[in-house]
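Participant: Take a look at entry_28.txt, compact mmCIF, C-alpha atoms:
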```txt
# COMPACT_ATOMS: atom_id res chain seq x y z
CA MET A 1 8.57 4.72 -18.45
CA ARG A 2 6.05 2.10 -19.59
CA SER A 3 2.37 3.00 -19.45
CA SER A 4 1.75 0.10 -17.03
CA GLN A 5 4.40 1.44 -14.67
CA LEU A 6 2.99 4.96 -14.87
CA THR A 7 -0.49 3.60 -14.19
CA GLY A 8 0.74 1.69 -11.15
CA ILE A 9 2.52 4.74 -9.71
CA THR A 10 -0.52 6.93 -10.32
CA MET A 11 -2.81 4.42 -8.61
CA MET A 12 -0.52 4.11 -5.60
CA LEU A 13 -0.27 7.89 -5.24
CA GLY A 14 -4.03 8.28 -5.59
CA SER A 15 -4.61 5.52 -3.05
CA ALA A 16 -2.24 7.17 -0.55
CA ALA A 17 -3.79 10.62 -1.00
CA GLY A 18 -7.32 9.24 -0.64
CA ASN A 19 -6.42 7.41 2.55
CA GLN A 20 -4.93 10.48 4.21
CA VAL A 21 -7.69 12.88 3.18
CA GLY A 22 -10.22 10.30 4.38
CA ALA A 23 -8.44 9.96 7.71
CA ALA A 24 -8.44 13.73 8.14
CA ALA A 25 -12.16 13.86 7.37
CA GLY A 26 -12.83 11.09 9.87
CA ALA A 27 -10.88 12.94 12.55
CA HIS A 28 -13.51 15.70 12.46
CA ALA A 29 -16.06 13.17 13.77
CA PHE A 30 -14.01 11.96 16.74
CA ASP A 31 -15.67 14.30 19.23
CA ALA A 32 -19.13 12.95 18.41
CA TYR A 33 -18.45 9.30 17.61
CA GLY A 34 -14.98 8.47 18.90
CA PRO A 35 -12.50 6.44 16.84
CA ALA A 36 -14.57 3.23 17.05
CA GLY A 37 -17.72 4.97 15.83
CA VAL A 38 -15.91 6.57 12.90
CA VAL A 39 -14.40 3.22 11.92
CA ALA A 40 -17.84 1.59 12.12
CA VAL A 41 -19.37 4.12 9.73
CA ARG A 42 -16.30 4.05 7.50
CA GLN A 43 -16.43 0.27 7.07
CA LEU A 44 -20.18 0.25 6.46
CA VAL A 45 -19.95 2.95 3.77
CA ALA A 46 -16.94 1.25 2.15
CA ALA A 47 -18.87 -2.03 1.98
CA ALA A 48 -21.90 -0.24 0.50
CA VAL A 49 -19.65 1.20 -2.22
CA LEU A 50 -17.75 -1.99 -3.04
CA LEU A 51 -20.43 -4.69 -2.89
CA PRO A 52 -22.64 -3.45 -5.77
CA VAL A 53 -19.55 -3.11 -7.96
CA ALA A 54 -17.98 -6.47 -7.11
CA ARG A 55 -21.18 -8.59 -6.76
CA PRO A 56 -19.23 -11.48 -5.19
CA ALA A 57 -20.50 -15.05 -5.61
CA VAL A 58 -19.68 -16.05 -2.03
CA ARG A 59 -21.51 -19.40 -2.22
CA ARG A 60 -18.93 -20.64 -4.71
CA TYR A 61 -15.89 -19.73 -2.63
CA THR A 62 -13.58 -22.50 -1.51
CA TRP A 63 -11.74 -22.55 1.81
CA ALA A 64 -8.54 -21.55 -0.01
CA GLN A 65 -10.38 -18.38 -1.04
CA TRP A 66 -12.20 -17.80 2.24
CA TRP A 67 -9.32 -17.92 4.70
CA PRO A 68 -7.30 -14.98 3.28
CA VAL A 69 -10.53 -12.96 2.95
CA LEU A 70 -11.45 -13.57 6.59
CA LEU A 71 -7.93 -12.72 7.73
CA LEU A 72 -8.07 -9.54 5.66
CA ALA A 73 -11.38 -8.63 7.33
CA ALA A 74 -9.78 -9.02 10.76
CA VAL A 75 -6.83 -6.89 9.64
CA PHE A 76 -9.20 -4.16 8.44
CA ALA A 77 -11.03 -4.13 11.75
CA VAL A 78 -7.88 -3.86 13.89
CA MET A 79 -5.85 -1.65 11.57
CA ASN A 80 -8.48 1.06 11.18
CA LEU A 81 -9.41 1.15 14.87
CA SER A 82 -5.80 1.29 16.04
CA LEU A 83 -4.87 3.96 13.47
CA TYR A 84 -7.85 6.18 14.27
CA THR A 85 -7.17 5.84 17.97
CA ALA A 86 -3.58 6.90 17.33
CA VAL A 87 -4.72 9.84 15.19
CA ASP A 88 -7.01 10.94 18.00
CA ARG A 89 -4.18 10.83 20.55
CA ILE A 90 -1.02 11.90 18.69
CA GLY A 91 -2.21 13.53 15.46
CA LEU A 92 -2.43 12.40 11.84
CA GLY A 93 1.15 13.05 10.74
CA LEU A 94 2.84 11.24 13.61
CA ALA A 95 0.35 8.35 13.58
CA VAL A 96 0.79 7.67 9.87
CA THR A 97 4.55 8.10 10.14
CA LEU A 98 4.65 5.29 12.70
CA GLU A 99 2.17 3.21 10.73
CA VAL A 100 4.38 3.33 7.66
CA LEU A 101 6.92 1.21 9.54
CA GLY A 102 4.74 -1.74 8.49
CA PRO A 103 5.29 -1.31 4.75
CA LEU A 104 8.94 -0.50 5.43
CA ALA A 105 9.24 -3.81 7.26
CA VAL A 106 7.82 -5.56 4.20
CA ALA A 107 10.37 -3.78 2.03
CA LEU A 108 13.22 -4.65 4.39
CA LEU A 109 12.32 -8.32 4.85
CA GLY A 110 11.74 -8.79 1.14
CA SER A 111 14.91 -7.04 -0.03
CA ARG A 112 17.35 -9.00 -2.14
CA THR A 113 20.10 -6.46 -2.76
CA ARG A 114 22.27 -4.27 -0.57
CA PHE A 115 20.82 -1.19 -2.26
CA ASP A 116 17.26 -2.16 -1.28
CA LEU A 117 18.42 -2.70 2.28
CA LEU A 118 20.10 0.70 2.43
CA CYS A 119 16.98 2.38 1.04
CA ALA A 120 14.80 0.74 3.66
CA LEU A 121 17.21 1.74 6.45
CA ALA A 122 17.44 5.32 5.19
CA ALA A 123 13.64 5.59 5.03
CA ALA A 124 13.41 4.18 8.55
CA ALA A 125 15.92 6.82 9.71
CA GLY A 126 13.73 9.48 8.15
CA VAL A 127 10.75 8.11 10.07
CA TYR A 128 12.73 8.27 13.31
CA VAL A 129 13.67 11.89 12.66
CA LEU A 130 9.99 12.63 12.14
CA VAL A 131 8.99 11.03 15.43
CA LEU A 132 11.85 11.77 17.90
CA PRO A 133 10.05 10.11 20.84
CA GLY A 134 10.70 11.64 24.27
CA PRO A 135 9.44 11.64 27.88
CA SER A 136 6.35 13.66 26.97
CA SER A 137 5.33 11.30 24.18
CA ASP A 138 1.92 9.65 24.28
CA TYR A 139 3.09 6.04 24.40
CA ALA A 140 -0.43 4.62 24.26
CA GLY A 141 -0.99 6.48 21.01
CA ILE A 142 2.41 5.35 19.72
CA ALA A 143 1.58 1.74 20.61
CA CYS A 144 -1.70 1.99 18.69
CA ALA A 145 0.15 3.36 15.67
CA LEU A 146 2.69 0.54 15.83
CA LEU A 147 -0.15 -1.99 15.99
CA ALA A 148 -1.58 -0.36 12.88
CA ALA A 149 1.87 -0.72 11.29
CA GLY A 150 1.87 -4.45 11.84
CA CYS A 151 -1.64 -4.68 10.42
CA TRP A 152 -0.62 -2.65 7.38
CA ALA A 153 2.20 -5.09 6.66
CA ALA A 154 -0.28 -7.97 6.90
CA TYR A 155 -2.70 -6.04 4.67
CA ILE A 156 -0.09 -5.76 1.91
CA LEU A 157 0.70 -9.48 1.95
CA LEU A 158 -2.91 -10.64 2.31
CA SER A 159 -4.19 -8.29 -0.41
CA ARG A 160 -1.77 -9.88 -2.84
CA VAL A 161 -3.05 -13.37 -1.95
CA VAL A 162 -6.70 -12.30 -2.16
CA GLY A 163 -6.10 -10.57 -5.50
CA ALA A 164 -4.52 -13.72 -6.90
CA ARG A 165 -7.33 -16.06 -5.77
CA LEU A 166 -10.42 -13.97 -6.47
CA PRO A 167 -11.29 -11.93 -9.57
CA GLY A 168 -11.69 -8.19 -9.60
CA ILE A 169 -12.34 -6.66 -6.20
CA GLU A 170 -14.54 -9.48 -4.91
CA GLY A 171 -12.27 -10.44 -2.04
CA LEU A 172 -11.87 -6.82 -0.98
CA ALA A 173 -15.63 -6.24 -0.98
CA VAL A 174 -16.30 -9.35 1.11
CA ALA A 175 -13.51 -8.59 3.59
CA THR A 176 -14.77 -5.03 4.04
CA SER A 177 -18.34 -6.28 4.55
CA VAL A 178 -17.30 -8.87 7.14
CA SER A 179 -15.33 -6.18 8.96
CA ALA A 180 -18.38 -3.90 8.91
CA LEU A 181 -20.54 -6.66 10.40
CA GLY A 182 -18.18 -6.81 13.36
CA TYR A 183 -18.84 -3.13 14.05
CA LEU A 184 -22.65 -3.38 13.94
CA PRO A 185 -22.99 -3.13 17.77
CA VAL A 186 -21.07 0.14 17.66
CA LEU A 187 -23.22 1.47 14.81
CA LEU A 188 -26.38 0.92 16.85
CA THR A 189 -25.14 3.35 19.51
CA LEU A 190 -24.47 6.25 17.13
CA SER A 191 -26.73 9.25 16.69
CA LEU A 192 -27.52 10.99 13.41
CA ASP A 193 -25.78 14.36 13.20
CA THR A 194 -23.29 16.27 11.07
CA ALA A 195 -20.43 14.01 12.24
CA LEU A 196 -22.00 11.23 10.19
CA GLY A 197 -21.09 13.08 7.02
CA TYR A 198 -17.40 13.26 7.93
CA ALA A 199 -17.33 9.55 8.79
CA ALA A 200 -19.12 8.71 5.53
CA VAL A 201 -16.54 10.68 3.53
CA ALA A 202 -13.83 8.67 5.27
CA GLY A 203 -15.62 5.50 4.15
CA VAL A 204 -15.85 6.53 0.51
CA LEU A 205 -12.24 7.71 0.40
CA SER A 206 -11.08 4.41 1.89
CA ALA A 207 -13.05 2.17 -0.48
CA VAL A 208 -11.40 3.49 -3.63
CA PRO A 209 -7.82 3.21 -2.29
CA TYR A 210 -8.50 -0.34 -1.10
CA ALA A 211 -9.58 -1.29 -4.62
CA ALA A 212 -6.59 0.47 -6.18
CA ASP A 213 -4.16 -1.30 -3.83
CA LEU A 214 -5.65 -4.70 -4.66
CA ILE A 215 -5.26 -4.09 -8.38
CA VAL A 216 -1.71 -2.78 -8.04
CA LEU A 217 -0.60 -5.66 -5.81
CA ARG A 218 -1.47 -8.13 -8.58
CA THR A 219 1.55 -6.88 -10.53
CA VAL A 220 3.76 -5.01 -8.04
CA PRO A 221 5.95 -7.05 -5.63
CA PRO A 222 5.09 -6.47 -1.94
CA ARG A 223 8.57 -5.08 -1.17
CA VAL A 224 8.26 -2.46 -3.94
CA PHE A 225 4.74 -1.57 -2.82
CA GLY A 226 5.92 -1.35 0.77
CA MET A 227 8.76 0.98 -0.12
CA PHE A 228 6.52 3.22 -2.22
CA MET A 229 4.02 3.50 0.61
CA SER A 230 6.63 5.52 2.50
CA VAL A 231 5.06 8.51 0.76
CA HIS A 232 2.15 8.29 3.21
CA PRO A 233 3.84 10.39 5.94
CA VAL A 234 4.36 13.17 3.42
CA LEU A 235 0.72 13.19 2.37
CA ALA A 236 -0.44 12.81 5.98
CA ALA A 237 1.65 15.83 6.96
CA PHE A 238 0.00 18.01 4.33
CA ALA A 239 -3.48 16.61 5.06
CA GLY A 240 -2.99 17.32 8.76
CA LEU A 241 -1.74 20.83 8.05
CA ILE A 242 -4.47 21.80 5.58
CA LEU A 243 -7.50 19.95 6.98
CA LEU A 244 -6.72 19.68 10.70
CA ASP A 245 -4.42 22.66 11.30
CA GLN A 246 -1.69 20.35 12.63
CA ALA A 247 1.61 22.06 11.76
CA LEU A 248 4.84 20.08 11.68
CA ARG A 249 8.02 21.16 13.43
CA ALA A 250 11.41 21.55 11.79
CA HIS A 251 12.71 18.05 12.58
CA GLU A 252 9.46 16.56 11.26
CA TRP A 253 9.83 18.33 7.93
CA ALA A 254 13.45 17.12 7.86
CA GLY A 255 12.21 13.55 8.20
CA VAL A 256 9.74 14.14 5.37
CA ALA A 257 12.59 15.35 3.16
CA VAL A 258 14.62 12.19 3.92
CA VAL A 259 11.72 9.94 2.96
CA ILE A 260 11.13 11.82 -0.29
CA GLY A 261 14.83 11.60 -1.14
CA VAL A 262 14.95 7.86 -0.54
CA LEU A 263 11.92 7.31 -2.73
CA ALA A 264 13.36 9.41 -5.56
CA VAL A 265 16.75 7.68 -5.50
CA SER A 266 15.14 4.25 -5.27
CA SER A 267 12.86 4.94 -8.24
CA LEU A 268 15.73 6.23 -10.40
CA ARG A 269 17.93 3.26 -9.49
CA ARG A 270 15.19 0.74 -10.31
CA ARG A 271 14.52 2.37 -13.65
CA SER A 272 18.23 2.42 -14.49
CA ALA A 273 18.57 -1.25 -13.55
CA ALA A 274 15.55 -2.16 -15.66
CA ASP A 275 16.93 -0.31 -18.68
CA GLY A 276 20.30 -1.98 -18.23
CA SER A 277 18.81 -5.46 -18.04
CA ARG A 278 17.22 -5.00 -21.46
CA THR A 279 20.63 -4.47 -23.07
CA THR A 280 22.90 -6.78 -21.07
CA ALA A 281 20.91 -9.65 -19.59
CA ALA A 282 19.80 -11.43 -22.76
CA PRO A 283 21.55 -14.73 -23.57
CA ALA A 284 23.87 -14.92 -26.55
CA GLY A 285 22.13 -15.62 -29.82
CA SER A 286 18.73 -14.24 -28.73
CA ARG A 287 16.96 -11.36 -30.47
CA CYS A 288 17.29 -9.09 -27.46
CA ALA A 289 19.33 -5.92 -27.31
CA GLY A 290 21.80 -7.61 -25.00
CA SER A 291 22.90 -9.99 -27.77
CA ARG A 292 23.84 -7.29 -30.25
CA ALA A 293 27.50 -8.32 -30.13
CA SER A 294 26.70 -11.84 -31.28
CA TRP A 295 24.51 -10.48 -34.05
CA ARG A 296 27.34 -8.20 -35.19
CA ARG A 297 29.55 -11.28 -35.37
CA GLY A 298 27.02 -12.80 -37.74
CA SER A 299 25.85 -15.47 -35.34
CA ARG A 300 22.20 -16.48 -35.76
CA THR A 301 22.42 -19.75 -33.84
CA ARG A 302 19.35 -20.40 -31.74
CA SER A 303 19.63 -21.70 -28.19
CA ALA A 304 18.98 -25.36 -27.46
CA ARG A 305 15.61 -24.59 -25.85
CA THR A 306 14.56 -22.52 -28.88
CA ALA A 307 15.61 -25.24 -31.28
CA ARG A 308 13.64 -27.86 -29.35
CA ALA A 309 10.59 -25.65 -29.25
CA GLY A 310 10.82 -24.98 -32.96
CA SER A 311 10.20 -21.28 -32.48
CA PRO A 312 12.71 -18.48 -33.08
CA THR A 313 11.47 -16.61 -30.01
CA ALA A 314 10.44 -19.39 -27.64
CA ALA A 315 13.53 -19.06 -25.46
CA ALA A 316 13.51 -15.28 -25.25
CA PRO A 317 13.37 -14.04 -21.64
CA ARG A 318 10.70 -11.61 -20.54
CA TRP A 319 12.93 -8.56 -20.90
CA CYS A 320 13.13 -9.25 -24.65
CA GLU A 321 9.55 -8.11 -25.15
```
Just give me the structure of the file as structure tokens.
Facilitator:
Amino acid sequence: MRSSQLTGITMMLGSAAGNQVGAAAGAHAFDAYGPAGVVAVRQLVAAAVLLPVARPAVRRYTWAQWWPVLLLAAVFAVMNLSLYTAVDRIGLGLAVTLEVLGPLAVALLGSRTRFDLLCALAAAAGVYVLVLPGPSSDYAGIACALLAAGCWAAYILLSRVVGARLPGIEGLAVATSVSALGYLPVLLTLSLDTALGYAAVAGVLSAVPYAADLIVLRTVPPRVFGMFMSVHPVLAAFAGLILLDQALRAHEWAGVAVVIGVLAVSSLRRRSAADGSRTTAAPAGSRCAGSRASWRRGSRTRSARTARAGSPTAAAPRWCE
């Protein structure tokens, strides 16, 4: 595995773990502040962490840079409030399991092969096994989680646009700050007590994952990112168990196992396909591994594009590197 791939996987895992531990910490402040109050503190703390690092030059932004940032700010505001409301009503594991349908939708809509489609469907089946909705289900909480799912899908797509149009984490810092401004009226109603510490921890643990996601989405396709984010229910289950004493039932653990299996198979298949492309996809006559047969035949004829460019490697595809 390339170091860049390992770095991307590590960042995505760290981002997911930080998000779920932060959500569990925020849940401890629900009794005092409610979901809206926790989100207000979380966004304010996240902005306080990100702004000094990013130091965005907002006066120089063009409209092409502003509109995805403003949309991302709106997504932050709705996504966090709807998720925390769902966590308050139906628990962390179930809420995040439903929320992950957003990234799965990105993976499904962006799939280009039958294998990707089957992986997305299998992961969705695992999510259903986790949930098993019935007559006693809290449908208001489920609706909030599904709203968060739609926002998460938008977050993935918008983060990629913002990361491409603004350097570093500038766009993320501005979007978080705009979202925090929208929660100022809620902040003014909060009292200072121990719950503030839990909400602040949620803010810090959300700022770092946001930054990691933005960096990863510069190089990782949204459908791959969306599929990998299916690990969130697993981490949410453990965070809920350890930090909130929310134990999962047998069918919920079965759904977790399905999701883990899909992720493992998908990762192995992608790596195998990538290795195969390095030895079979190169055009005849190139210096890639895939053209070994032509080299064994003694052919050193360059392609037409290479000849025109006057460089022996100009026509080499990216997998020849």
Participant: Nearest residue to Ala120 (chain A) out of A:Val234, A:Val178, A:Ala247, A:Met229, using all atoms listed in the file?
Facilitator: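 Among A:Val234, A:Val178, A:Ala247, A:Met229, it is A:Met229 that comes nearest to Ala120 (chain A).
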Participant: What is the distance between CA of Val100 (chain A) and CA of Trp152 (chain A), in Å to one decimal?
Facilitator: 7.8 Å
Participant: Can you measure CA of Ala124 (chain A) to CA of Gly93 (chain A) for me? One decimal in Å is fine.
Facilitator: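 Separation of CA of Ala124 (chain A) and CA of Gly93 (chain A): 15.3 Å.
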Participant: Could you please determine the separation between CA of Arg89 (chain A) and CA of Phe76 (chain A) in Å, to one decimal place?
Facilitator: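 Straight-line distance from CA of Arg89 (chain A) to CA of Phe76 (chain A) works out to 19.9 Å.
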Participant: When distances are computed from all atoms listed in the file, which of A:Ala254, A:Cys151, A:Ala175, A:Val21 shows the smallest separation from Ala211 (chain A)?
Facilitator: A:Ala175
Participant: For Ala180 (chain A), which of A:Val41, A:Ala207, A:Leu130, A:Ala105 is the closest residue, counting only C-alpha atoms?
Facilitator: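 Counting only C-alpha atoms, the residue closest to Ala180 (chain A) is A:Val41.
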Participant: Which residues, protein or nucleic acid, reach to within 12 Å of (-8.2, -4.9, 9.0) in the file's coordinates when using all atoms listed in the file, and can you give that as an MDAnalysis selection string?
Facilitator: chainID A and resid 39 43 68:83 147:156 158:159 172 175:180 182:183 210
Participant: Can you tell me, as JSON, numbers by chain, what residues are no more than 10 Å from Ala140 (chain A) when counting only C-alpha atoms, ignoring any on the same chain fewer than 6 positions away?
Facilitator: {"A": [85, 86, 89, 90, 146]}
Participant: Store the residues of this selection in a file with C-alpha atoms, as a CSV table (one decimal), keeping the file's coordinate frame.
Facilitator:
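What landed in result-v5.csv:
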```csv
chain,number,residue,atom,x,y,z
A,85,THR,CA,-7.2,5.8,18.0
A,86,ALA,CA,-3.6,6.9,17.3
A,89,ARG,CA,-4.2,10.8,20.6
A,90,ILE,CA,-1.0,11.9,18.7
A,146,LEU,CA,2.7,0.5,15.8
```
Participant: Mind giving me the axis-aligned box for region 53-71 of chain A with 6 Å on every side, centre plus edges in Å to one decimal, as lines of an AutoDock Vina configuration file?
Facilitator:
```
center_x = -14.4
center_y = -12.8
center_z = -0.1
size_x = 26.2
size_y = 31.4
size_z = 27.7
```
Participant: Looking at A:Leu235, A:Val262, A:Gly34, A:Leu98, which one is nearest to Gly14 (chain A), with distances taken over only C-alpha atoms?
Facilitator: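 Closest candidate: A:Leu235.
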Participant: Counting only C-alpha atoms, which of A:Met12, A:Leu101, A:Ile142, A:Val201 gets nearest to Ala125 (chain A)?
Facilitator: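 Closest to Ala125 (chain A), using only C-alpha atoms: A:Leu101.
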Participant: Ranking A:Leu121, A:Val162, A:Leu190, A:Leu92 by minimum distance to Leu248 (chain A) and counting only C-alpha atoms, which one comes first?
Facilitator: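 Of A:Leu121, A:Val162, A:Leu190, A:Leu92, the one nearest Leu248 (chain A), counting only C-alpha atoms, is A:Leu92.
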Participant: Tell me which protein, DNA and RNA residues are within 10 Å of Ala122 (chain A), counting all atoms listed in the file, leaving out same-chain ones fewer than 6 positions away, and put them as a PyMOL selection string.
Facilitator: chain A and resi 116+128+258-259+261-263
Participant: Please provide as JSON, numbers by chain all residues within 10 Å of Gly91 (chain A), with the sequence filter that same-chain residues fewer than 6 positions apart are discarded (counting all atoms listed in the file).
Facilitator: {"A": [24, 27, 84, 85, 141, 236, 237, 240, 244, 246]}
